[in-house]
Amino acid sequence: MKNENFVQIPNKMFTNTNNDEKLVYVKLLQSQMIGYLDKDNRTTTTTIPTLVALLGWSKGKYSNKKVVKALNGLKEKDYINFESTQDVFTVQINKWNDKEEHIVSVDWKQSGVKFSGHTQIKYSVIDNLLEGKDFTLYSYAEYRTLKNHQYRICYEEWGLVLEMTSRNAFNVVNSSEVIIKVTNGYDSDTKRQETNSYLTFDSFEDIKEVSLKPTYKDKSKSVVEEEPEQESVEQEQEQELYEDESVEEEDDFYDFEEEELSLKAEAKKPVLEANIKPSKAIKQKDNKVVDIHTKQAKIDSKDLLNQIKGNTIEANTFRKMQREDKRVTTLDESKQIQDFDVPMSISMFKVIETTDSAYIRDCGAKKLKNKKWKDKFGAELDEEIHKYKESEHKTKFMSKFLYKTITEYYEDGGECVISSDKLYDYVHNRMVYSDDEYTYFTPTNMVPHLKCIKVTEKY
């Protein structure tokens, strides 16, 4: 996080706030007044519509009510304080004790789950975390990313912080693009697939390094529940532990006498989940069983991580553009506006030129000014713009003659009615000239035998 701005959220928020409350809290932190160095007196002045806009939510009473509900929830839980939410109001962001510990009792872990300290969230990622439960997913994965060992998160624990059942948490976690699941192989002792660890989409840490970190296990008997219902094939391949493999912060390891160090990590090979269709097919080779699904999933982890990161940002950028201008209807169209490796169509150029969205205008302007992009695609767009402007000019010219009759008169006394399209060709190629657009003459020898062209009312 060097040279990056960030906000800090107290980790106890994972125990008693919902996703909306966390988002509103973060946006209040982002907008706090400069100059308040005393953490006891951090304040910000805001309005409900301002917070709705900062959150990227649709304007209206529903979003206003969601913000007010979140503000009141944060106030009741003593994270903030304010007198009223009417018009422009001032919010005080209360100081919190970074060393305070909160232990939540759960029925699937004897020692409970402990929350303490804080998590830093970079400004550069926050706008990518405004959809669904993305903020909670990202920030919790960031909180549980440890330097010296893995932190495995079972679906029961995800359910705890997402305030939902483990079955629903399974669906939310596995459909998210802001966190990346690292499966850690098959445990021969338990005869089960290991519980997953997770990385955030913007992490560049090598997946193999994550898997080779030691894991702390609880020796006590844990409650193992079935996975959420899936197709029978997926049930075999996607079996995850709801065992008590959760681990507290590194400094707190020795507080738990029942835990031990598992040294099996170095014998395992990590698998980065890549939305590859599971298969029951298994090969037998050299007396070793090879799971084809696992083999397929073992692809270059760094490349895939970067790809997932890009796709996540692109998807969030598309959603933001779509909210601000309904003419951006597909992911490809949003990439035409902001991706330097993609050509731009004339339709998206027109969106950039005419949109009310400052965000879309800025993205488009940066792309159009980029030298690398101009060298590769600039000439193609310039040609399209030229054709478009010519077509627009032609349409405007021809519309003037919609209810007119255009007649050619020849030197020999003959005459012929022509279309406005043919008259445009004459004018565009400078074969005729006129002072009033009702009578056209031709320079000598430009159009043989033509005396003039006259425009008259059709009716």
# chains A, B, ... in the order shown; residues from 1 in each chain; ligands from 1
>>> select_by_dssp(residues="region 33-208 of chain A", states="alpha helix (DSSP H)", output="PyMOL selection string")
chain A and resi 48-55+61-76+123-126+134-143+155-162+166-175+207-208
>>> closest_atom_pairs(of="region 63-100 of chain A", to="region 17-36 of chain A", cutoff="7 Å", atoms="only C-alpha atoms", output="CSV")
residue,atom,partner,partner_atom,distance
A:Ala70,CA,A:Glu21,CA,4.6
A:Leu71,CA,A:Glu21,CA,6.9
A:Gly73,CA,A:Glu21,CA,6.9
A:Leu74,CA,A:Glu21,CA,6.4
>>> residues_around(residues="Lys350 (chain A)", least_positions_apart="6", cutoff="12 Å", atoms="only C-alpha atoms", output="number ranges by chain")
A: 327-328, 333, 336-337, 344, 356, 360-361, 364, 381, 384-385, 388-389
>>> residues_around(residues="Asn81 (chain A)", least_positions_apart="3", cutoff="8 Å", atoms="only C-alpha atoms", output="list of chain:residue names")
A:Lys75, A:Asp78, A:Val91, A:Gln92, A:Ile93, A:Asn94
>>> closest_atom_pairs(of="region 49-113 of chain A", to="region 118-140 of chain A", cutoff="8 Å", atoms="only C-alpha atoms", output="Markdown table")
| residue | atom | partner | partner_atom | distance |
| --- | --- | --- | --- | --- |
| A:Leu55 | CA | A:Leu130 | CA | 6.5 |
| A:Gly56 | CA | A:Leu130 | CA | 7.1 |
| A:Asp98 | CA | A:His118 | CA | 6.5 |
>>> residues_around(residues="Glu100 (chain A)", least_positions_apart="4", cutoff="12 Å", atoms="only C-alpha atoms", output="VMD selection string")
chain A and resid 10 to 12 96 114 to 118
